[in-house]
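Data block for coords03.txt (compact mmCIF, N, CA and C atoms):
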```txt
# COMPACT_ATOMS: atom_id res chain seq x y z
N MET A 25 -1.52 4.33 36.65
CA MET A 25 -0.10 4.54 36.78
C MET A 25 0.63 3.24 36.40
N ALA A 26 1.69 3.36 35.62
CA ALA A 26 2.44 2.20 35.16
C ALA A 26 3.31 1.66 36.30
N SER A 27 3.39 0.34 36.39
CA SER A 27 4.23 -0.28 37.40
C SER A 27 5.68 -0.32 36.92
N ASP A 28 6.58 -0.63 37.86
CA ASP A 28 7.99 -0.78 37.48
C ASP A 28 8.15 -1.90 36.44
N THR A 29 7.36 -2.97 36.58
CA THR A 29 7.42 -4.08 35.62
C THR A 29 6.99 -3.60 34.25
N ASP A 30 5.89 -2.83 34.17
CA ASP A 30 5.42 -2.31 32.88
C ASP A 30 6.45 -1.39 32.25
N ARG A 31 7.07 -0.52 33.06
CA ARG A 31 8.10 0.40 32.54
C ARG A 31 9.31 -0.39 32.04
N GLY A 32 9.67 -1.46 32.76
CA GLY A 32 10.79 -2.31 32.34
C GLY A 32 10.51 -3.00 31.02
N ARG A 33 9.30 -3.52 30.85
CA ARG A 33 8.92 -4.15 29.57
C ARG A 33 8.99 -3.14 28.43
N LYS A 34 8.43 -1.98 28.67
CA LYS A 34 8.42 -0.95 27.62
C LYS A 34 9.84 -0.53 27.26
N ALA A 35 10.68 -0.33 28.25
CA ALA A 35 12.07 0.07 27.99
C ALA A 35 12.81 -1.02 27.21
N ARG A 36 12.61 -2.29 27.59
CA ARG A 36 13.25 -3.39 26.87
C ARG A 36 12.76 -3.44 25.43
N ALA A 37 11.44 -3.31 25.23
CA ALA A 37 10.89 -3.34 23.87
C ALA A 37 11.42 -2.17 23.04
N GLU A 38 11.51 -0.99 23.63
CA GLU A 38 12.02 0.17 22.89
C GLU A 38 13.48 -0.05 22.49
N ARG A 39 14.28 -0.64 23.40
CA ARG A 39 15.68 -0.93 23.06
C ARG A 39 15.76 -1.93 21.92
N GLN A 40 14.95 -3.00 22.00
CA GLN A 40 14.97 -4.00 20.95
C GLN A 40 14.50 -3.42 19.62
N LEU A 41 13.51 -2.56 19.65
CA LEU A 41 13.04 -1.94 18.41
C LEU A 41 14.13 -1.08 17.77
N ARG A 42 14.98 -0.48 18.59
CA ARG A 42 16.10 0.32 18.06
C ARG A 42 17.23 -0.56 17.55
N GLU A 43 17.52 -1.67 18.26
CA GLU A 43 18.76 -2.41 18.03
C GLU A 43 18.62 -3.69 17.22
N GLU A 44 17.52 -4.38 17.34
CA GLU A 44 17.38 -5.67 16.66
C GLU A 44 17.16 -5.48 15.16
N LEU A 45 17.62 -6.46 14.38
CA LEU A 45 17.45 -6.40 12.93
C LEU A 45 16.20 -7.15 12.45
N VAL A 46 15.79 -8.16 13.19
CA VAL A 46 14.68 -9.00 12.76
C VAL A 46 13.65 -9.07 13.87
N ILE A 47 12.40 -9.03 13.46
CA ILE A 47 11.29 -9.27 14.38
C ILE A 47 10.39 -10.30 13.71
N TRP A 48 9.77 -11.15 14.50
CA TRP A 48 8.86 -12.17 13.97
C TRP A 48 7.45 -11.61 13.99
N LEU A 49 6.85 -11.51 12.82
CA LEU A 49 5.48 -11.03 12.65
C LEU A 49 4.58 -12.24 12.47
N THR A 50 3.61 -12.39 13.36
CA THR A 50 2.70 -13.52 13.27
C THR A 50 1.30 -13.04 12.91
N THR A 51 0.81 -13.57 11.80
CA THR A 51 -0.57 -13.35 11.36
C THR A 51 -1.26 -14.70 11.46
N THR A 52 -2.55 -14.74 11.11
CA THR A 52 -3.25 -16.03 11.13
C THR A 52 -3.82 -16.34 9.75
N SER A 53 -3.72 -17.61 9.37
CA SER A 53 -4.23 -18.07 8.08
C SER A 53 -5.76 -18.14 8.12
N THR A 54 -6.35 -18.50 7.00
CA THR A 54 -7.81 -18.59 6.93
C THR A 54 -8.38 -19.60 7.90
N ASP A 55 -7.61 -20.64 8.25
CA ASP A 55 -8.11 -21.64 9.20
C ASP A 55 -7.71 -21.32 10.64
N GLY A 56 -7.11 -20.15 10.86
CA GLY A 56 -6.74 -19.73 12.22
C GLY A 56 -5.37 -20.16 12.67
N THR A 57 -4.59 -20.81 11.80
CA THR A 57 -3.26 -21.26 12.17
C THR A 57 -2.29 -20.07 12.23
N PRO A 58 -1.55 -19.91 13.33
CA PRO A 58 -0.55 -18.83 13.39
C PRO A 58 0.50 -19.01 12.30
N GLN A 59 0.89 -17.91 11.68
CA GLN A 59 1.86 -17.91 10.59
C GLN A 59 2.99 -16.92 10.91
N PRO A 60 4.02 -17.35 11.67
CA PRO A 60 5.13 -16.45 11.99
C PRO A 60 6.10 -16.31 10.82
N ASN A 61 6.57 -15.10 10.60
CA ASN A 61 7.56 -14.82 9.56
C ASN A 61 8.55 -13.78 10.07
N PRO A 62 9.86 -14.01 9.85
CA PRO A 62 10.84 -12.98 10.21
C PRO A 62 10.78 -11.84 9.20
N VAL A 63 10.79 -10.60 9.71
CA VAL A 63 10.72 -9.43 8.83
C VAL A 63 11.67 -8.36 9.35
N TRP A 64 12.06 -7.48 8.43
CA TRP A 64 12.80 -6.28 8.79
C TRP A 64 11.79 -5.22 9.15
N PHE A 65 12.17 -4.27 9.99
CA PHE A 65 11.22 -3.29 10.51
C PHE A 65 11.95 -2.04 10.95
N ILE A 66 11.19 -0.97 11.10
CA ILE A 66 11.69 0.24 11.75
C ILE A 66 10.60 0.81 12.64
N PRO A 67 10.99 1.38 13.77
CA PRO A 67 10.01 2.11 14.57
C PRO A 67 9.64 3.41 13.85
N ASP A 68 8.40 3.84 14.03
CA ASP A 68 7.92 5.09 13.44
C ASP A 68 7.04 5.75 14.50
N GLY A 69 7.66 6.52 15.38
CA GLY A 69 6.94 7.05 16.53
C GLY A 69 6.52 5.88 17.40
N ASP A 70 5.23 5.80 17.71
CA ASP A 70 4.73 4.68 18.51
C ASP A 70 4.42 3.46 17.65
N ASP A 71 4.41 3.61 16.34
CA ASP A 71 4.08 2.52 15.42
C ASP A 71 5.35 1.81 14.96
N ILE A 72 5.15 0.73 14.22
CA ILE A 72 6.24 -0.04 13.64
C ILE A 72 5.92 -0.22 12.17
N ILE A 73 6.91 0.02 11.31
CA ILE A 73 6.74 -0.12 9.86
C ILE A 73 7.46 -1.38 9.40
N VAL A 74 6.76 -2.17 8.60
CA VAL A 74 7.33 -3.35 7.95
C VAL A 74 7.05 -3.21 6.47
N TYR A 75 8.05 -3.49 5.64
CA TYR A 75 7.84 -3.56 4.20
C TYR A 75 7.68 -5.02 3.83
N SER A 76 6.50 -5.36 3.35
CA SER A 76 6.16 -6.74 3.07
C SER A 76 6.32 -7.04 1.58
N HIS A 77 6.71 -8.26 1.28
CA HIS A 77 6.79 -8.71 -0.11
C HIS A 77 5.43 -8.51 -0.77
N ARG A 78 5.43 -8.03 -1.99
CA ARG A 78 4.17 -7.71 -2.67
C ARG A 78 3.24 -8.92 -2.82
N ASN A 79 3.78 -10.14 -2.80
CA ASN A 79 2.94 -11.34 -2.95
C ASN A 79 2.81 -12.15 -1.65
N ALA A 80 3.21 -11.58 -0.54
CA ALA A 80 3.20 -12.34 0.72
C ALA A 80 1.78 -12.64 1.17
N VAL A 81 1.57 -13.85 1.61
CA VAL A 81 0.26 -14.26 2.13
C VAL A 81 -0.10 -13.42 3.36
N ARG A 82 0.89 -12.99 4.11
CA ARG A 82 0.60 -12.19 5.32
C ARG A 82 -0.21 -10.94 4.98
N ASN A 83 -0.06 -10.39 3.78
CA ASN A 83 -0.83 -9.20 3.39
C ASN A 83 -2.33 -9.53 3.39
N ARG A 84 -2.67 -10.67 2.80
CA ARG A 84 -4.08 -11.09 2.79
C ARG A 84 -4.55 -11.46 4.18
N ASN A 85 -3.67 -12.10 4.96
CA ASN A 85 -4.03 -12.45 6.33
C ASN A 85 -4.40 -11.19 7.13
N ILE A 86 -3.61 -10.14 6.97
CA ILE A 86 -3.85 -8.89 7.70
C ILE A 86 -5.13 -8.22 7.23
N GLN A 87 -5.41 -8.28 5.94
CA GLN A 87 -6.66 -7.68 5.45
C GLN A 87 -7.88 -8.40 6.02
N ARG A 88 -7.75 -9.69 6.24
CA ARG A 88 -8.85 -10.49 6.76
C ARG A 88 -8.96 -10.38 8.28
N ASN A 89 -7.82 -10.38 8.97
CA ASN A 89 -7.77 -10.32 10.43
C ASN A 89 -6.56 -9.48 10.81
N ASN A 90 -6.80 -8.27 11.26
CA ASN A 90 -5.68 -7.34 11.50
C ASN A 90 -4.97 -7.55 12.83
N ARG A 91 -5.39 -8.50 13.63
CA ARG A 91 -4.72 -8.77 14.91
C ARG A 91 -3.44 -9.57 14.66
N ILE A 92 -2.34 -9.06 15.20
CA ILE A 92 -1.03 -9.68 14.97
C ILE A 92 -0.27 -9.76 16.29
N SER A 93 0.84 -10.48 16.24
CA SER A 93 1.81 -10.42 17.34
C SER A 93 3.20 -10.31 16.73
N LEU A 94 4.08 -9.75 17.51
CA LEU A 94 5.48 -9.59 17.14
C LEU A 94 6.32 -10.15 18.28
N ASN A 95 7.42 -10.78 17.95
CA ASN A 95 8.37 -11.16 18.98
C ASN A 95 9.78 -11.14 18.41
N PHE A 96 10.72 -10.92 19.31
CA PHE A 96 12.12 -10.88 18.94
C PHE A 96 12.76 -12.24 19.18
N ASN A 97 13.87 -12.50 18.50
CA ASN A 97 14.68 -13.66 18.84
C ASN A 97 15.14 -13.50 20.28
N ILE A 98 15.24 -14.60 20.99
CA ILE A 98 15.65 -14.52 22.39
C ILE A 98 17.16 -14.55 22.50
N ASP A 99 17.66 -13.75 23.39
CA ASP A 99 19.08 -13.77 23.74
C ASP A 99 19.26 -14.94 24.71
N PRO A 100 20.19 -15.85 24.46
CA PRO A 100 20.33 -17.01 25.33
C PRO A 100 20.66 -16.64 26.78
N HIS A 101 21.10 -15.42 27.01
CA HIS A 101 21.44 -14.99 28.36
C HIS A 101 20.34 -14.15 28.99
N ASP A 102 19.25 -13.96 28.26
CA ASP A 102 18.14 -13.14 28.75
C ASP A 102 17.00 -14.06 29.16
N GLU A 103 16.33 -13.72 30.20
CA GLU A 103 15.21 -14.53 30.66
C GLU A 103 13.87 -14.07 30.10
N HIS A 104 13.88 -13.04 29.28
CA HIS A 104 12.64 -12.46 28.79
C HIS A 104 12.49 -12.66 27.28
N VAL A 105 11.30 -13.02 26.88
CA VAL A 105 10.93 -13.04 25.47
C VAL A 105 9.91 -11.93 25.30
N THR A 106 10.27 -10.88 24.61
CA THR A 106 9.36 -9.77 24.42
C THR A 106 8.36 -10.11 23.33
N VAL A 107 7.07 -10.02 23.68
CA VAL A 107 5.98 -10.24 22.73
C VAL A 107 5.12 -8.99 22.72
N ILE A 108 4.88 -8.48 21.54
CA ILE A 108 4.04 -7.30 21.36
C ILE A 108 2.81 -7.75 20.59
N THR A 109 1.63 -7.47 21.11
CA THR A 109 0.41 -7.73 20.37
C THR A 109 -0.16 -6.40 19.91
N GLY A 110 -0.91 -6.44 18.82
CA GLY A 110 -1.47 -5.21 18.30
C GLY A 110 -2.24 -5.47 17.04
N THR A 111 -2.33 -4.44 16.22
CA THR A 111 -3.02 -4.55 14.94
C THR A 111 -2.10 -4.07 13.82
N ALA A 112 -2.40 -4.52 12.62
CA ALA A 112 -1.61 -4.13 11.45
C ALA A 112 -2.57 -3.78 10.32
N ALA A 113 -2.11 -2.91 9.45
CA ALA A 113 -2.88 -2.54 8.27
C ALA A 113 -1.93 -2.21 7.13
N ILE A 114 -2.37 -2.50 5.94
CA ILE A 114 -1.64 -2.05 4.76
C ILE A 114 -1.85 -0.54 4.67
N ASP A 115 -0.74 0.19 4.58
CA ASP A 115 -0.80 1.65 4.57
C ASP A 115 -0.14 2.17 3.30
N PRO A 116 -0.96 2.54 2.31
CA PRO A 116 -0.38 3.01 1.04
C PRO A 116 0.32 4.37 1.14
N THR A 117 0.22 5.05 2.29
CA THR A 117 0.90 6.34 2.44
C THR A 117 2.36 6.18 2.88
N ILE A 118 2.76 4.97 3.24
CA ILE A 118 4.15 4.75 3.64
C ILE A 118 5.03 4.84 2.39
N PRO A 119 6.05 5.71 2.41
CA PRO A 119 6.91 5.83 1.24
C PRO A 119 7.72 4.56 1.00
N PRO A 120 8.20 4.34 -0.22
CA PRO A 120 8.98 3.14 -0.52
C PRO A 120 10.20 3.01 0.39
N PRO A 121 10.63 1.78 0.66
CA PRO A 121 11.75 1.59 1.59
C PRO A 121 13.04 2.27 1.14
N ASN A 122 13.29 2.32 -0.15
CA ASN A 122 14.54 2.94 -0.62
C ASN A 122 14.55 4.46 -0.47
N THR A 123 13.41 5.05 -0.12
CA THR A 123 13.36 6.49 0.13
C THR A 123 13.29 6.81 1.62
N SER A 124 13.24 5.76 2.45
CA SER A 124 13.20 5.95 3.90
C SER A 124 14.62 5.99 4.44
N ARG A 125 15.01 7.15 4.93
CA ARG A 125 16.37 7.30 5.46
C ARG A 125 16.62 6.31 6.60
N ALA A 126 15.65 6.20 7.52
CA ALA A 126 15.82 5.29 8.67
C ALA A 126 15.95 3.84 8.22
N TYR A 127 15.14 3.45 7.24
CA TYR A 127 15.18 2.07 6.77
C TYR A 127 16.50 1.78 6.07
N MET A 128 16.93 2.70 5.22
CA MET A 128 18.19 2.48 4.49
C MET A 128 19.39 2.52 5.43
N GLU A 129 19.36 3.36 6.47
CA GLU A 129 20.46 3.36 7.45
C GLU A 129 20.53 2.02 8.17
N LYS A 130 19.38 1.43 8.45
CA LYS A 130 19.36 0.18 9.19
C LYS A 130 19.67 -1.02 8.31
N TYR A 131 19.13 -1.05 7.07
CA TYR A 131 19.21 -2.27 6.25
C TYR A 131 19.93 -2.11 4.91
N GLY A 132 20.31 -0.89 4.56
CA GLY A 132 20.92 -0.66 3.25
C GLY A 132 22.13 -1.54 2.97
N GLU A 133 22.96 -1.79 3.97
CA GLU A 133 24.16 -2.60 3.75
C GLU A 133 23.83 -4.09 3.58
N TYR A 134 22.63 -4.51 4.00
CA TYR A 134 22.24 -5.92 3.89
C TYR A 134 21.53 -6.25 2.59
N ILE A 135 21.01 -5.26 1.92
CA ILE A 135 20.23 -5.50 0.71
C ILE A 135 21.06 -6.17 -0.39
N PRO A 136 22.31 -5.75 -0.65
CA PRO A 136 23.11 -6.47 -1.65
C PRO A 136 23.33 -7.95 -1.31
N GLY A 137 23.32 -8.28 -0.02
CA GLY A 137 23.51 -9.66 0.41
C GLY A 137 22.36 -10.58 0.05
N ILE A 138 21.22 -10.00 -0.30
CA ILE A 138 20.08 -10.81 -0.77
C ILE A 138 19.90 -10.61 -2.29
N ASP A 139 21.02 -10.25 -2.94
CA ASP A 139 21.07 -10.08 -4.41
C ASP A 139 20.05 -9.08 -4.93
N MET A 140 19.93 -7.95 -4.24
CA MET A 140 19.03 -6.89 -4.68
C MET A 140 19.74 -5.56 -4.59
N THR A 141 19.19 -4.59 -5.30
CA THR A 141 19.57 -3.20 -5.15
C THR A 141 18.48 -2.53 -4.31
N PRO A 142 18.73 -1.35 -3.78
CA PRO A 142 17.66 -0.66 -3.07
C PRO A 142 16.40 -0.49 -3.93
N GLU A 143 16.58 -0.27 -5.23
CA GLU A 143 15.44 -0.09 -6.13
C GLU A 143 14.67 -1.39 -6.34
N SER A 144 15.39 -2.49 -6.57
CA SER A 144 14.69 -3.77 -6.77
C SER A 144 14.05 -4.24 -5.47
N TYR A 145 14.70 -3.94 -4.35
CA TYR A 145 14.11 -4.27 -3.05
C TYR A 145 12.79 -3.51 -2.87
N ALA A 146 12.79 -2.22 -3.17
CA ALA A 146 11.58 -1.40 -3.02
C ALA A 146 10.46 -1.89 -3.93
N GLU A 147 10.81 -2.38 -5.11
CA GLU A 147 9.79 -2.91 -6.02
C GLU A 147 9.21 -4.22 -5.50
N THR A 148 10.05 -5.06 -4.94
CA THR A 148 9.61 -6.38 -4.45
C THR A 148 8.91 -6.27 -3.10
N PHE A 149 9.48 -5.50 -2.19
CA PHE A 149 8.90 -5.32 -0.84
C PHE A 149 8.16 -3.98 -0.82
N SER A 150 7.10 -3.94 -1.59
CA SER A 150 6.41 -2.69 -1.87
C SER A 150 5.15 -2.45 -1.05
N VAL A 151 4.82 -3.37 -0.17
CA VAL A 151 3.60 -3.23 0.63
C VAL A 151 3.99 -2.74 2.02
N GLY A 152 3.65 -1.50 2.31
CA GLY A 152 3.95 -0.94 3.62
C GLY A 152 2.90 -1.36 4.64
N LEU A 153 3.36 -1.96 5.72
CA LEU A 153 2.46 -2.35 6.81
C LEU A 153 2.71 -1.43 8.00
N ARG A 154 1.65 -0.87 8.52
CA ARG A 154 1.74 -0.07 9.74
C ARG A 154 1.21 -0.92 10.88
N ILE A 155 2.06 -1.15 11.86
CA ILE A 155 1.68 -1.94 13.02
C ILE A 155 1.49 -1.00 14.20
N ILE A 156 0.35 -1.12 14.83
CA ILE A 156 0.03 -0.32 16.01
C ILE A 156 0.11 -1.25 17.22
N PRO A 157 1.18 -1.10 18.01
CA PRO A 157 1.33 -1.97 19.18
C PRO A 157 0.23 -1.72 20.21
N GLY A 158 -0.14 -2.80 20.88
CA GLY A 158 -1.10 -2.72 21.96
C GLY A 158 -0.40 -3.05 23.26
N LYS A 159 -0.38 -4.33 23.61
CA LYS A 159 0.23 -4.78 24.87
C LYS A 159 1.62 -5.36 24.63
N ILE A 160 2.44 -5.23 25.65
CA ILE A 160 3.78 -5.84 25.65
C ILE A 160 3.82 -6.81 26.82
N ARG A 161 4.33 -8.01 26.54
CA ARG A 161 4.51 -8.96 27.64
C ARG A 161 5.83 -9.68 27.46
N ASP A 162 6.29 -10.25 28.54
CA ASP A 162 7.51 -11.06 28.48
C ASP A 162 7.41 -12.23 29.42
```
Whole structure given in structure tokens:
Amino acid sequence: MASDTDRGRKARAERQLREELVIWLTTTSTDGTPQPNPVWFIPDGDDIIVYSHRNAVRNRNIQRNNRISLNFNIDPHDEHVTVITGTAAIDPTIPPPNTSRAYMEKYGEYIPGIDMTPESYAETFSVGLRIIPGKIRD
């Protein structure tokens, strides 16, 4: 049975997954050094989808070691830092970001601000990562 603390963590993480724009995805390099990177994301049921740059080192890191962590930027008025640990995999079945209604609703207005169109963004950020959350802590 889940405790009140566990339910509170889960509720906070679910809210952040709905509302936050950036999450920090940490993979590990070949020498074991943590490599945090801010990424855009969308929840997909219990999973989390990230579209990774086609040349990002994190793609190779995940292929070598699929254990990852995610964390949100901290609110200066909040005492909790939500950290999600889990696994990630490159998932070629994830449709391109410009065809994802949820992704475009969340980030479509920001894509021109990085000098891209939805089509050029989809070509550049063409590696779909499926993250399967495990534990949540704060």
**OP:** Have a look at A:Ile98, A:Glu38, A:Ser124, A:Thr106 and name the one nearest to Glu143 in chain A; count only C-alpha atoms.
**Re:**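 Smallest distance to Glu143 in chain A is found for A:Ser124.
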Original post:
Could you work out how far CA of Pro116 in chain A lies from atom N of Phe149 in chain A, giving the answer in Å with one decimal?
Top reply: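 Distance reported for this atom pair: 13.4 Å.
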**OP:** List every residue of chain A that DSSP, applied to the backbone, labels as strand (DSSP E), and write the result as JSON, numbers by chain.
**Re:** {"A": [47, 48, 49, 50, 51, 52, 58, 59, 60, 61, 62, 63, 66, 67, 68, 71, 72, 73, 74, 75, 76, 91, 92, 93, 94, 95, 107, 108, 109, 110, 111, 112, 113, 114, 151, 152, 153, 154, 155, 156, 157, 158, 159, 160, 161]}
**OP:** Pick out each residue of range 26-161 of chain A that DSSP on the backbone tags as helix (DSSP H, G or I); I need them as a ChimeraX atom specification.
**Re:** /A:28-43,81-88,121-123,125-131,135-138,142-148
Original post:
Can you tell me how far atom N of Ile114 in chain A sits from CA of Asn90 in chain A, in Å to one decimal?
Top reply: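 So the two atoms, atom N of Ile114 in chain A and CA of Asn90 in chain A, lie 8.1 Å apart.
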Original post:
Smallest atom-to-atom distance to Asp70 in chain A: which of A:Ile156, A:Arg36, A:Arg31, A:Gly56, using all atoms listed in the file?
Top reply: A:Ile156
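Considering the residues A:Ser144, A:Asn97, A:Asn85, A:Thr111 and counting only N, CA and C atoms, Ser53 in chain A has its shortest atom-to-atom contact with A:Asn85.
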Subject >> Option closest in space to Thr54 in chain A, from A:Val74, A:Ile86, A:Lys130, A:Ile66 [counting only C-alpha atoms] >> reply: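 Looking at the shortest contact to Thr54 in chain A, the residue is A:Ile86.
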Original post:
Which of these, A:Leu45, A:Leu94, A:Ile73, A:Val63, has the shortest distance to Val107 in chain A once you count only N, CA and C atoms?
Top reply: A:Leu94
Around the point (9.4, -14.1, 13.7) in the file's coordinates, collect all residues with an atom within 10 Å, using only C-alpha atoms, and return them as a PDB file with N, CA and C atoms, keeping the file's coordinate frame.
```pdb
ATOM      1  N   VAL A  46      15.790  -8.160  13.190  1.00  0.00           N
ATOM      2  CA  VAL A  46      14.680  -9.000  12.760  1.00  0.00           C
ATOM      3  C   VAL A  46      13.650  -9.070  13.870  1.00  0.00           C
ATOM      4  N   ILE A  47      12.400  -9.030  13.460  1.00  0.00           N
ATOM      5  CA  ILE A  47      11.290  -9.270  14.380  1.00  0.00           C
ATOM      6  C   ILE A  47      10.390 -10.300  13.710  1.00  0.00           C
ATOM      7  N   TRP A  48       9.770 -11.150  14.500  1.00  0.00           N
ATOM      8  CA  TRP A  48       8.860 -12.170  13.970  1.00  0.00           C
ATOM      9  C   TRP A  48       7.450 -11.610  13.990  1.00  0.00           C
ATOM     10  N   LEU A  49       6.850 -11.510  12.820  1.00  0.00           N
ATOM     11  CA  LEU A  49       5.480 -11.030  12.650  1.00  0.00           C
ATOM     12  C   LEU A  49       4.580 -12.240  12.470  1.00  0.00           C
ATOM     13  N   THR A  50       3.610 -12.390  13.360  1.00  0.00           N
ATOM     14  CA  THR A  50       2.700 -13.520  13.270  1.00  0.00           C
ATOM     15  C   THR A  50       1.300 -13.040  12.910  1.00  0.00           C
ATOM     16  N   GLN A  59       0.890 -17.910  11.680  1.00  0.00           N
ATOM     17  CA  GLN A  59       1.860 -17.910  10.590  1.00  0.00           C
ATOM     18  C   GLN A  59       2.990 -16.920  10.910  1.00  0.00           C
ATOM     19  N   PRO A  60       4.020 -17.350  11.670  1.00  0.00           N
ATOM     20  CA  PRO A  60       5.130 -16.450  11.990  1.00  0.00           C
ATOM     21  C   PRO A  60       6.100 -16.310  10.820  1.00  0.00           C
ATOM     22  N   ASN A  61       6.570 -15.100  10.600  1.00  0.00           N
ATOM     23  CA  ASN A  61       7.560 -14.820   9.560  1.00  0.00           C
ATOM     24  C   ASN A  61       8.550 -13.780  10.070  1.00  0.00           C
ATOM     25  N   PRO A  62       9.860 -14.010   9.850  1.00  0.00           N
ATOM     26  CA  PRO A  62      10.840 -12.980  10.210  1.00  0.00           C
ATOM     27  C   PRO A  62      10.780 -11.840   9.200  1.00  0.00           C
ATOM     28  N   VAL A  63      10.790 -10.600   9.710  1.00  0.00           N
ATOM     29  CA  VAL A  63      10.720  -9.430   8.830  1.00  0.00           C
ATOM     30  C   VAL A  63      11.670  -8.360   9.350  1.00  0.00           C
ATOM     31  N   TRP A  64      12.060  -7.480   8.430  1.00  0.00           N
ATOM     32  CA  TRP A  64      12.800  -6.280   8.790  1.00  0.00           C
ATOM     33  C   TRP A  64      11.790  -5.220   9.150  1.00  0.00           C
ATOM     34  N   SER A  93       0.840 -10.480  16.240  1.00  0.00           N
ATOM     35  CA  SER A  93       1.810 -10.420  17.340  1.00  0.00           C
ATOM     36  C   SER A  93       3.200 -10.310  16.730  1.00  0.00           C
ATOM     37  N   LEU A  94       4.080  -9.750  17.510  1.00  0.00           N
ATOM     38  CA  LEU A  94       5.480  -9.590  17.140  1.00  0.00           C
ATOM     39  C   LEU A  94       6.320 -10.150  18.280  1.00  0.00           C
ATOM     40  N   ASN A  95       7.420 -10.780  17.950  1.00  0.00           N
ATOM     41  CA  ASN A  95       8.370 -11.160  18.980  1.00  0.00           C
ATOM     42  C   ASN A  95       9.780 -11.140  18.410  1.00  0.00           C
ATOM     43  N   PHE A  96      10.720 -10.920  19.310  1.00  0.00           N
ATOM     44  CA  PHE A  96      12.120 -10.880  18.940  1.00  0.00           C
ATOM     45  C   PHE A  96      12.760 -12.240  19.180  1.00  0.00           C
ATOM     46  N   ASN A  97      13.870 -12.500  18.500  1.00  0.00           N
ATOM     47  CA  ASN A  97      14.680 -13.660  18.840  1.00  0.00           C
ATOM     48  C   ASN A  97      15.140 -13.500  20.280  1.00  0.00           C
TER      49      ASN A  97
END
```
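Restricting the calculation to all atoms listed in the file, the smallest distance between Glu147 in chain A and any of A:Glu133, A:Thr51, A:Arg78, A:Pro100 is found for A:Arg78.
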**OP:** Report the distance between CA of Glu43 in chain A and CA of Arg84 in chain A in Å, rounded to one decimal place.
**Re:** 28.8 Å
**OP:** Give as a PyMOL selection string the set of residues within 6 Å of the point (4.9, -8.5, 31.4), where distances use the file's coordinates and only N, CA and C atoms.
**Re:** chain A and resi 160-162
Subject >> Within 6 Å of His77 in chain A using all atoms listed in the file, minus same-chain residues under 4 positions, as a count of residues only >> reply: 4
